[in-house]
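What follows is a set of notes on a single structure, which appears directly below.
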Amino acid sequence: MNFNTIWYLHAYQDVARQNQNPLVDYVNGGQASGRLSSPPVDESSWMTKAAENEFLPASAREFIACYDMIKKSALFDETFYTTCYPDAQGDPLEHFIRNGWRLGYHPSPNFDMRKYLQSYEDVRASGQNPLIHYLKSGRREGRRIEPLPESETWRLHAGARAHQGAPLYATLFEKQISATLLDESGLFDAEWYLNRYLDVRGAGMDPRGHFISSGSAEFRSPGPGFDAEWYCRRYEDVLDEGYEPLVHYVKFGRAEGRDAIPPAPDYTYTYALSDAGPIPDVVPARRPINEHDFALEVPFHYAPDINMNKPLAAIVHAFYPDLLEHILGYLENIPCAVDLYISTDSVEKANTIRKIVRNWRKGSTDVRITENRGRDIAPMIVGFRDVFAKHDMFLHVHTKRSPHAGNLLHEWRDYLLDTLFGTEDIARSALSLFNDPKIGVVFPQHFFEVRRMLNWGFDYDLARNLLARVGVQLNKDLVLEFPSGSMFWGRTDAIRPLLDLDLQFSDFPEEAGQIDGTLAHAIERTLLMVAESKGYEWLKVARRDLYPLPDTVLKVTEPADLLRHRLRVFQPCLARADAAQCYERFGMPETRSILSYPSRNNRPRINLLIPSINPGDAYGGLSTAIRIFEEISSSLAGAFDRRIIVTDSHISSEALSRFSDYAQTMYFQSEDDGVAEIVGAGARRNGRLNLRANDIFIATAWWTARHAIDLLRDQELFFQKKLPFIYLLQDDEPYFYGWSTKWALAESTYRHGPDTIAIINSEELYLEIIGKYDFLHSFCYPYAINGTISKCLAPESRERLILVYARPHALRNAFELICEALKQWQQHDPVSARAWEIICLGEEFDKALTEPVQNISVKGKVSLDTYADYLNRSLVGISLMLSPHPSYPPLEMAEAGLVTITNRYNAKDLSQRFDDIISLDRVDARTLAEAIKQAVAKAEGLVGKRTGRRKPKSLRLDAPIKYYASSKVAEMLKELVGTAIHRTTGSGGPRRRFWL
């Protein structure tokens, strides 16, 4: 029943006159007498009449007036209200006036109730209905209203569908993927998913089920049409609000027009050695695409302070003196003392200039005549070289005309001047950036009409030779960024390498109308690289009213914005920009580079570079790596932050649970203020890894060592110093691959001795490795049985069980040879062999691979408790390792009391550790089959007996060994970082001090 209280009182005035409850009257007799509960459909004017009904209470008349006012306002959308709030029964507008607004229900998509209350505290304090306040007085007072964000509108509609039982969502606030939502998305591609995530294919898992159960939460992508990692990086609110990326996209992002995949590459680039355009000899450049090239908006939306202890040097080249007065007008906007240094090329021009500047009152003036060489660049770094000794800060401008470009660029000069110091607020904003001691150059965003012309031109060789003289190796692959038009603010120390070259005017060609291919053009293009080589950064500024891509002009409303926007504006020219490696096409995806971004956080951090931390991948080597990382971290006792960088796999939810005290962060540059983080760098198609001046890396495999070595080079480039890395060597890895490219890549990582602290797993491997390679420091990580296994070892009745460490994919474990030897033993001695059961542990694989071996079962990777149980009950163990590393399984088997068969390798002989180890000199099937026969015969006498654990023998070593201790390594790292901190140049101390 729809009961309209006010209409009832208006229609039946006896009820109003007697002050009766209208609903009680209706129930107790009104309905029986034919009275209606609400107005007939054709009675639309009753409100106007009711507002004048003197018998109605004042509150009712007020209600009617508000009802009528809202009805006429177009700010109440009945369809929207009933769709979004299905619990609103009866007249929707009446529901809104009486109850809905108190529940936070929005009247329409065009009026955001919460935003209005947040904006106007007096309305919030008064307790009024926000819409009624706006219609009565807010509109007249000029108060603003805002529409609902599209995501909120979408959320409300979605919530209504859930309320009504529609299949789109189970609940209004669902943030995890569901089967229904995945189907709704239309973005899942099972075959693509299996090809992209080989671990899922290898495990034989259903791809759709895997994505729903864990893949979505692990930021895996459902198909080629949705890039989960990129979506989270691009839209920071997704993770802030706790949504899995695909869930957010389907619920809100698609309706809001958000991109599901990167719209374009970050850079335009070609590997071609020359431009295919009309001037074929031009060297093309790597440039950020227009939509990804950001600048800070000037002026800032607050009044920054500037710290200028000395006058600013304004270095002006006035080849066209008639434009000088125009430039002086701009220079008046600079809010500090300014000493003028003006160059020109003739006596006549100099005299004219002196007359023009005679009334300059902001500082001194110095007019010099220089040779007409090197455009505006040579006069600055040659003609005024002495000036820089007196000034920490300078501004470089010139009377630019660009006559070669005709009318196309006639506005270029004023665009640069307007952006640099077009008003006092703009000049103050730009100068305040130098309060940050790391900023070396500030320049205008490129004049839009010249963007397509930005390349190396004919300047590449000149630039390469110039940079070589300041210790920088130029690579065409690097990003080309520079102050096009050569007008910029600068810090003297940032260009000191150029000044120290002691260039002369004779190094520059005479001016003959050249538009490219001169030393001046090369210096212009390398200016930022020179500054970066000194440890400085640069920033670009732009005016929103002058630059046609407003989304790339970043608004600065408070100092904290500068820290955030720096991550998008400053894209280092000297940083590696191309992650792709030719090796990837030949089955080596692990070689794809990890690119880096210079962090402002100087706090020391220890980093573990590891292929995977997923429990299913945690074989002995990975477990040992994690254990050493945790031991060193613990010994550092909070002096270092911690970070785990997963280089090759997606991170499972089980892994995140295992490292619950770590925060998962994206592979993307950030403010880098985490104390304990996990970074998934498995895909690394976009983004960069934050790199601190005091990052120490632990490499755990040869390709992670390549990453560490590259990151150390970046560290030296960004911070002018380099720390060594820790290399955990758990085998002589090059020999995994035979004579091949992989062998060469792996072996080369062992040849960075001065930068390497080697931790070598086991005494046998230690002696092998240090006999071939030299390191800064070398430590031996001694064998010790796993703690969990040790606790679980206990004498049990021994059974006729043979444990085999079976890993078909690890060639060094010689799985095929073991199978052949087992077959030969069984076929030679079938009566004895049929009493023995063979258990394969270590890796899941198809049992068919073992055929025709009998009595064999594949248990794969088992828990440590289960493994210990097998050790307690078994009698014979087989574990081969065709490398100098002893491998833990044969030692664990022997210590648990099994007669164990393994192999020798060079100086490795595990029989020196345990008497019950049979160590083979020759490894072939016949020799191994004979050893199995010997071990079984020896073990037969122990069947049914309870035999205990064996104690390792003392090793006889041919050379002294320096043993690993986490406390020693920790103290060494503290000392190294302390020394490095003192050596760092251009550092501004703790990151948070900047721009405050």
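Numbering starts fresh at 1 for the residues of each chain in the structure tokens, the chains themselves are lettered A, B, ... in the order given, and ligands are numbered from 1 as they appear.
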Legend entry - 12 Å contact set for Lys938 of chain A, only C-alpha atoms, chain neighbours under 3 positions out, as a PyMOL selection string: chain A and resi 800+875-876+898-900+916-918+931-935+941-943
Convert the current residue selection to file output with N, CA and C atoms, as an mmCIF file, in the first residue's frame.
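See selection-v5.cif below for the written result:
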data_model
loop_
_atom_site.group_PDB
_atom_site.id
_atom_site.type_symbol
_atom_site.label_atom_id
_atom_site.label_comp_id
_atom_site.auth_asym_id
_atom_site.auth_seq_id
_atom_site.Cartn_x
_atom_site.Cartn_y
_atom_site.Cartn_z
ATOM 1 N N ARG A 800 62.174 -51.609 3.488
ATOM 2 C CA ARG A 800 62.883 -51.742 2.214
ATOM 3 C C ARG A 800 62.419 -50.617 1.268
ATOM 4 N N LEU A 875 66.019 -47.111 3.868
ATOM 5 C CA LEU A 875 67.324 -47.714 4.116
ATOM 6 C C LEU A 875 68.387 -47.288 3.115
ATOM 7 N N VAL A 876 67.971 -46.955 1.894
ATOM 8 C CA VAL A 876 68.925 -46.613 0.841
ATOM 9 C C VAL A 876 68.512 -45.287 0.209
ATOM 10 N N LEU A 898 70.719 -43.501 6.177
ATOM 11 C CA LEU A 898 70.553 -44.263 4.950
ATOM 12 C C LEU A 898 71.923 -44.586 4.343
ATOM 13 N N VAL A 899 72.028 -45.756 3.735
ATOM 14 C CA VAL A 899 73.196 -46.035 2.895
ATOM 15 C C VAL A 899 72.976 -45.224 1.621
ATOM 16 N N THR A 900 73.858 -44.278 1.373
ATOM 17 C CA THR A 900 73.592 -43.261 0.355
ATOM 18 C C THR A 900 74.598 -43.344 -0.778
ATOM 19 N N ASP A 916 78.738 -43.996 5.586
ATOM 20 C CA ASP A 916 77.735 -44.755 4.828
ATOM 21 C C ASP A 916 77.438 -44.142 3.461
ATOM 22 N N ILE A 917 78.318 -43.275 2.988
ATOM 23 C CA ILE A 917 78.148 -42.719 1.642
ATOM 24 C C ILE A 917 79.036 -43.489 0.670
ATOM 25 N N ILE A 918 78.422 -43.979 -0.394
ATOM 26 C CA ILE A 918 79.161 -44.597 -1.503
ATOM 27 C C ILE A 918 79.375 -43.506 -2.539
ATOM 28 N N ALA A 931 76.508 -50.123 -7.569
ATOM 29 C CA ALA A 931 76.465 -49.464 -6.258
ATOM 30 C C ALA A 931 75.130 -49.704 -5.571
ATOM 31 N N ILE A 932 74.043 -49.702 -6.356
ATOM 32 C CA ILE A 932 72.718 -49.981 -5.778
ATOM 33 C C ILE A 932 72.689 -51.405 -5.203
ATOM 34 N N LYS A 933 73.228 -52.339 -5.963
ATOM 35 C CA LYS A 933 73.289 -53.727 -5.493
ATOM 36 C C LYS A 933 74.071 -53.810 -4.178
ATOM 37 N N GLN A 934 75.201 -53.106 -4.121
ATOM 38 C CA GLN A 934 76.042 -53.105 -2.918
ATOM 39 C C GLN A 934 75.299 -52.475 -1.738
ATOM 40 N N ALA A 935 74.596 -51.332 -1.975
ATOM 41 C CA ALA A 935 73.880 -50.636 -0.896
ATOM 42 C C ALA A 935 72.734 -51.481 -0.375
ATOM 43 N N GLY A 941 70.492 -56.224 6.172
ATOM 44 C CA GLY A 941 70.647 -56.619 7.562
ATOM 45 C C GLY A 941 70.022 -55.650 8.545
ATOM 46 N N LEU A 942 69.556 -54.495 8.053
ATOM 47 C CA LEU A 942 68.973 -53.480 8.926
ATOM 48 C C LEU A 942 67.450 -53.426 8.829
ATOM 49 N N VAL A 943 66.856 -54.243 7.974
ATOM 50 C CA VAL A 943 65.407 -54.227 7.803
ATOM 51 C C VAL A 943 64.719 -54.561 9.118
#
Proximity of segment 537-631 of chain A to segment 759-780 of chain A: per-residue shortest pair, 10 Å limit, only C-alpha atoms, as CSV:
residue,atom,partner,partner_atom,distance
A:Gly621,CA,A:Asn761,CA,9.3
A:Thr624,CA,A:Asn761,CA,8.9
A:Ala625,CA,A:Asn761,CA,10.0
A:Ile628,CA,A:Ile759,CA,9.4
Legend entry - Distance query Phe3 of chain A at most 9 Å, only C-alpha atoms, self and fewer than 6 positions along chain excluded, as a ChimeraX atom specification: /A:23,36-38,90-91
Using only C-alpha atoms, please write the residues we just selected to a file, as a CSV table (one decimal), in the first residue's frame.
chain,number,residue,atom,x,y,z
A,23,LEU,CA,-3.1,6.3,9.0
A,36,LEU,CA,-8.3,6.6,-0.8
A,37,SER,CA,-4.7,6.2,0.6
A,38,SER,CA,-3.1,8.4,-2.1
A,90,GLY,CA,6.4,4.8,-1.5
A,91,ASP,CA,6.8,8.2,-3.1
Inset, instruction - Please identify all polymer residues within 7 Å of segment 887-895 of chain A, counting only C-alpha atoms, omitting same-chain residues fewer than 4 positions from it, and present them as a VMD selection string. - result: chain A and resid 785 871 877 879 881 899 to 900 902 914 916 to 917 949 to 952
Inset, instruction - Quick one: everything within 10 Å of Pro288 of chain A, counting only C-alpha atoms, minus sequence neighbours fewer than 2 positions away in the same chain. Send it as a list in words. - result: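 So the residues in contact are Pro265, Asp266, Tyr267, Thr268, Tyr269, Ala285, Arg286, Asn290, Glu291, His292, Asp293, Phe294, Val479, Leu480, Glu481 and Gln571 of chain A.
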Legend entry - Residues within 9 Å of Leu498 of chain A, only C-alpha atoms, excluding chain neighbours under 2 positions, as JSON, numbers by chain: {"A": [381, 466, 470, 494, 495, 496, 500, 501, 502, 503, 523, 527, 530]}
Inset, instruction - Do a neighbour search on Arg576 of chain A at 9 Å with only C-alpha atoms, toss out local chain neighbours closer than 4 positions, and write the hits as a list in words. - result: Asp477, Leu478, Val479, Pro572, Ser593, Leu595, Ser596 and Asp714 of chain A
Write to file, as a tab-separated table (two decimals), in the first residue's frame, the residues of the selection just made, with all heavy atoms.
chain	number	residue	atom	x	y	z
A	477	ASP	N	70.53	4.56	-27.40
A	477	ASP	CA	69.38	3.96	-26.73
A	477	ASP	C	68.87	4.80	-25.57
A	477	ASP	O	67.75	4.62	-25.10
A	477	ASP	CB	69.79	2.58	-26.22
A	477	ASP	CG	68.61	1.67	-25.98
A	477	ASP	OD1	67.61	1.81	-26.69
A	477	ASP	OD2	68.69	0.83	-25.09
A	478	LEU	N	69.70	5.73	-25.06
A	478	LEU	CA	69.29	6.56	-23.94
A	478	LEU	C	68.25	7.59	-24.38
A	478	LEU	O	68.13	7.91	-25.57
A	478	LEU	CB	70.50	7.29	-23.35
A	478	LEU	CG	71.61	6.39	-22.79
A	478	LEU	CD1	72.79	7.25	-22.33
A	478	LEU	CD2	71.10	5.55	-21.63
A	479	VAL	N	67.50	8.09	-23.40
A	479	VAL	CA	66.47	9.09	-23.70
A	479	VAL	C	67.13	10.44	-23.98
A	479	VAL	O	67.99	10.88	-23.21
A	479	VAL	CB	65.48	9.21	-22.53
A	479	VAL	CG1	64.48	10.34	-22.79
A	479	VAL	CG2	64.74	7.90	-22.32
A	572	PRO	N	65.35	10.18	-15.91
A	572	PRO	CA	66.79	10.39	-16.12
A	572	PRO	C	67.26	10.06	-17.54
A	572	PRO	O	66.90	9.03	-18.10
A	572	PRO	CB	67.43	9.43	-15.10
A	572	PRO	CG	66.37	9.19	-14.08
A	572	PRO	CD	65.08	9.27	-14.79
A	593	SER	N	66.04	-6.92	-18.68
A	593	SER	CA	66.66	-6.03	-17.70
A	593	SER	C	65.65	-5.50	-16.68
A	593	SER	O	64.47	-5.31	-16.98
A	593	SER	CB	67.32	-4.84	-18.41
A	593	SER	OG	68.39	-5.26	-19.21
A	595	LEU	N	65.02	-2.17	-14.97
A	595	LEU	CA	65.36	-0.75	-15.06
A	595	LEU	C	65.18	-0.11	-13.69
A	595	LEU	O	64.41	-0.58	-12.85
A	595	LEU	CB	64.48	-0.05	-16.10
A	595	LEU	CG	64.51	-0.66	-17.51
A	595	LEU	CD1	63.63	0.15	-18.46
A	595	LEU	CD2	65.93	-0.75	-18.04
A	596	SER	N	65.88	0.98	-13.45
A	596	SER	CA	65.86	1.58	-12.11
A	596	SER	C	65.53	3.07	-12.17
A	596	SER	O	65.61	3.70	-13.22
A	596	SER	CB	67.22	1.38	-11.43
A	596	SER	OG	68.23	2.09	-12.11
A	714	ASP	N	74.03	1.54	-12.28
A	714	ASP	CA	73.07	2.64	-12.14
A	714	ASP	C	73.33	3.42	-10.87
A	714	ASP	O	73.24	4.66	-10.85
A	714	ASP	CB	71.64	2.09	-12.11
A	714	ASP	CG	71.20	1.51	-13.44
A	714	ASP	OD1	71.91	1.71	-14.45
A	714	ASP	OD2	70.15	0.85	-13.48
Legend entry - Among the residues A:Cys840, A:Cys66, A:Leu182, A:Asp921, the one that comes closest to Leu131 of chain A [using only C-alpha atoms]: A:Cys66
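Closest to Arg385 of chain A among A:Asn694, A:Thr492, A:Gln514, A:Ser612 is A:Thr492, based on only C-alpha atoms.
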Identify all residues of segment 559-721 of chain A in helix (DSSP H, G or I) (DSSP on the backbone) and supply them as a CSV table (one decimal) with N, CA and C atoms, in the first residue's frame.
chain,number,residue,atom,x,y,z
A,559,PRO,N,53.8,21.7,-1.1
A,559,PRO,CA,55.2,21.1,-1.3
A,559,PRO,C,55.2,19.6,-1.5
A,560,ALA,N,54.3,18.9,-0.9
A,560,ALA,CA,54.3,17.4,-1.1
A,560,ALA,C,54.0,17.0,-2.5
A,561,ASP,N,53.3,17.9,-3.2
A,561,ASP,CA,53.1,17.5,-4.7
A,561,ASP,C,54.4,17.4,-5.4
A,562,LEU,N,55.4,18.2,-5.1
A,562,LEU,CA,56.6,18.1,-5.8
A,562,LEU,C,57.3,16.8,-5.7
A,563,LEU,N,57.3,16.2,-4.5
A,563,LEU,CA,57.8,14.9,-4.4
A,563,LEU,C,57.1,13.8,-5.2
A,564,ARG,N,55.8,14.0,-5.3
A,564,ARG,CA,55.0,13.0,-6.0
A,564,ARG,C,55.2,13.2,-7.5
A,565,HIS,N,55.1,14.5,-8.0
A,565,HIS,CA,55.2,14.8,-9.4
A,565,HIS,C,56.6,14.5,-10.0
A,566,ARG,N,57.6,14.6,-9.1
A,566,ARG,CA,59.0,14.4,-9.6
A,566,ARG,C,59.1,13.0,-10.2
A,567,LEU,N,58.3,12.1,-9.7
A,567,LEU,CA,58.4,10.7,-10.3
A,567,LEU,C,57.9,10.6,-11.7
A,568,ARG,N,57.1,11.6,-12.1
A,568,ARG,CA,56.6,11.6,-13.5
A,568,ARG,C,57.4,12.6,-14.4
A,569,VAL,N,57.9,13.7,-13.8
A,569,VAL,CA,58.6,14.7,-14.6
A,569,VAL,C,60.0,14.3,-14.9
A,582,CYS,N,68.3,-9.3,-26.6
A,582,CYS,CA,68.1,-10.2,-27.7
A,582,CYS,C,68.0,-11.7,-27.2
A,583,TYR,N,68.6,-11.9,-26.0
A,583,TYR,CA,68.6,-13.3,-25.5
A,583,TYR,C,67.2,-13.8,-25.3
A,584,GLU,N,66.2,-12.9,-25.0
A,584,GLU,CA,64.8,-13.3,-24.7
A,584,GLU,C,64.2,-14.1,-25.8
A,585,ARG,N,64.6,-13.8,-27.1
A,585,ARG,CA,64.0,-14.5,-28.2
A,585,ARG,C,64.6,-15.9,-28.3
A,586,PHE,N,65.6,-16.2,-27.6
A,586,PHE,CA,66.2,-17.5,-27.7
A,586,PHE,C,66.0,-18.3,-26.4
A,589,PRO,N,64.1,-15.6,-21.1
A,589,PRO,CA,63.3,-14.5,-20.6
A,589,PRO,C,63.8,-13.8,-19.3
A,590,GLU,N,64.6,-14.6,-18.6
A,590,GLU,CA,65.1,-14.1,-17.3
A,590,GLU,C,66.1,-13.0,-17.5
A,591,THR,N,66.6,-12.9,-18.7
A,591,THR,CA,67.7,-11.9,-18.9
A,591,THR,C,67.1,-10.5,-19.1
A,615,PRO,N,55.8,-21.0,-2.2
A,615,PRO,CA,56.1,-22.2,-1.5
A,615,PRO,C,56.3,-23.4,-2.4
A,616,GLY,N,55.6,-23.4,-3.5
A,616,GLY,CA,55.7,-24.5,-4.5
A,616,GLY,C,57.1,-24.6,-5.2
A,617,ASP,N,57.8,-23.4,-5.2
A,617,ASP,CA,59.1,-23.3,-5.9
A,617,ASP,C,60.2,-23.4,-4.9
A,620,GLY,N,65.7,-26.4,-2.2
A,620,GLY,CA,66.7,-26.1,-1.2
A,620,GLY,C,67.4,-24.8,-1.4
A,621,GLY,N,67.8,-24.6,-2.7
A,621,GLY,CA,68.6,-23.3,-3.0
A,621,GLY,C,67.8,-22.1,-2.7
A,622,LEU,N,66.5,-22.0,-3.0
A,622,LEU,CA,65.7,-20.8,-2.7
A,622,LEU,C,65.5,-20.7,-1.2
A,623,SER,N,65.3,-21.8,-0.5
A,623,SER,CA,65.1,-21.8,0.9
A,623,SER,C,66.4,-21.3,1.6
A,624,THR,N,67.5,-21.7,1.1
A,624,THR,CA,68.8,-21.3,1.7
A,624,THR,C,69.0,-19.8,1.5
A,625,ALA,N,68.6,-19.3,0.3
A,625,ALA,CA,68.8,-17.9,0.0
A,625,ALA,C,67.9,-17.1,0.9
A,626,ILE,N,66.7,-17.5,1.1
A,626,ILE,CA,65.8,-16.7,2.0
A,626,ILE,C,66.3,-16.8,3.4
A,627,ARG,N,66.8,-17.9,3.8
A,627,ARG,CA,67.3,-18.0,5.2
A,627,ARG,C,68.5,-17.1,5.4
A,628,ILE,N,69.4,-17.0,4.5
A,628,ILE,CA,70.6,-16.1,4.6
A,628,ILE,C,70.1,-14.7,4.6
A,629,PHE,N,69.2,-14.4,3.8
A,629,PHE,CA,68.7,-13.0,3.8
A,629,PHE,C,68.1,-12.6,5.1
A,630,GLU,N,67.3,-13.5,5.7
A,630,GLU,CA,66.6,-13.2,6.9
A,630,GLU,C,67.7,-13.2,8.1
A,631,GLU,N,68.7,-14.0,8.0
A,631,GLU,CA,69.7,-14.0,9.0
A,631,GLU,C,70.5,-12.6,9.0
A,632,ILE,N,70.9,-12.2,7.8
A,632,ILE,CA,71.6,-10.9,7.7
A,632,ILE,C,70.7,-9.8,8.1
A,633,SER,N,69.4,-9.8,7.7
A,633,SER,CA,68.5,-8.7,8.0
A,633,SER,C,68.3,-8.7,9.6
A,634,SER,N,68.2,-9.8,10.2
A,634,SER,CA,68.1,-9.8,11.6
A,634,SER,C,69.3,-9.3,12.3
A,635,SER,N,70.5,-9.6,11.8
A,635,SER,CA,71.8,-9.1,12.4
A,635,SER,C,71.9,-7.6,12.2
A,636,LEU,N,71.3,-7.1,11.2
A,636,LEU,CA,71.4,-5.6,11.0
A,636,LEU,C,70.5,-4.9,12.0
A,653,SER,N,49.4,-15.9,-3.3
A,653,SER,CA,48.9,-15.4,-2.0
A,653,SER,C,49.5,-16.2,-0.8
A,654,GLU,N,49.9,-17.5,-1.1
A,654,GLU,CA,50.6,-18.2,0.0
A,654,GLU,C,51.9,-17.6,0.3
A,655,ALA,N,52.6,-17.1,-0.7
A,655,ALA,CA,53.9,-16.4,-0.4
A,655,ALA,C,53.7,-15.2,0.4
A,656,LEU,N,52.7,-14.4,0.0
A,656,LEU,CA,52.4,-13.2,0.8
A,656,LEU,C,52.1,-13.5,2.2
A,657,SER,N,51.4,-14.6,2.5
A,657,SER,CA,51.1,-15.0,3.8
A,657,SER,C,52.4,-15.4,4.6
A,658,ARG,N,53.3,-16.0,3.9
A,658,ARG,CA,54.5,-16.4,4.5
A,658,ARG,C,55.3,-15.2,4.9
A,702,TRP,N,72.7,-16.8,-11.4
A,702,TRP,CA,73.5,-16.0,-12.3
A,702,TRP,C,72.8,-14.8,-12.9
A,703,TRP,N,71.5,-15.0,-13.3
A,703,TRP,CA,70.8,-13.9,-14.0
A,703,TRP,C,70.4,-12.8,-13.0
A,704,THR,N,70.2,-13.2,-11.7
A,704,THR,CA,69.9,-12.2,-10.7
A,704,THR,C,71.2,-11.4,-10.4
A,705,ALA,N,72.4,-12.1,-10.6
A,705,ALA,CA,73.7,-11.4,-10.4
A,705,ALA,C,73.8,-10.4,-11.6
A,706,ARG,N,73.4,-10.7,-12.8
A,706,ARG,CA,73.4,-9.7,-13.9
A,706,ARG,C,72.6,-8.5,-13.5
A,707,HIS,N,71.4,-8.7,-12.9
A,707,HIS,CA,70.6,-7.6,-12.5
A,707,HIS,C,71.3,-6.8,-11.5
A,708,ALA,N,71.9,-7.4,-10.5
A,708,ALA,CA,72.7,-6.7,-9.4
A,708,ALA,C,73.8,-5.9,-10.0
A,709,ILE,N,74.5,-6.4,-11.0
A,709,ILE,CA,75.6,-5.7,-11.6
A,709,ILE,C,75.1,-4.5,-12.3
A,710,ASP,N,74.0,-4.6,-13.1
A,710,ASP,CA,73.5,-3.5,-13.8
A,710,ASP,C,73.0,-2.4,-12.8
A,711,LEU,N,72.4,-2.9,-11.7
A,711,LEU,CA,71.9,-1.9,-10.7
A,711,LEU,C,73.0,-1.2,-10.0
A,712,LEU,N,74.2,-1.9,-9.8
A,712,LEU,CA,75.4,-1.2,-9.2
A,712,LEU,C,75.9,-0.1,-10.2
A,713,ARG,N,75.8,-0.4,-11.5
A,713,ARG,CA,76.3,0.6,-12.5
A,713,ARG,C,75.3,1.8,-12.4
A,714,ASP,N,74.0,1.5,-12.3
A,714,ASP,CA,73.1,2.6,-12.1
A,714,ASP,C,73.3,3.4,-10.9
A,715,GLN,N,73.6,2.7,-9.8
A,715,GLN,CA,73.9,3.4,-8.5
A,715,GLN,C,75.1,4.3,-8.7
A,716,GLU,N,76.1,3.9,-9.3
A,716,GLU,CA,77.3,4.7,-9.6
A,716,GLU,C,76.9,5.9,-10.4
A,717,LEU,N,76.1,5.7,-11.4
A,717,LEU,CA,75.6,6.8,-12.3
A,717,LEU,C,74.8,7.8,-11.6
A,718,PHE,N,73.8,7.3,-10.8
A,718,PHE,CA,72.9,8.2,-10.1
A,718,PHE,C,73.6,8.9,-8.9
A,719,PHE,N,74.4,8.2,-8.2
A,719,PHE,CA,74.9,8.7,-6.9
A,719,PHE,C,76.4,8.9,-6.8
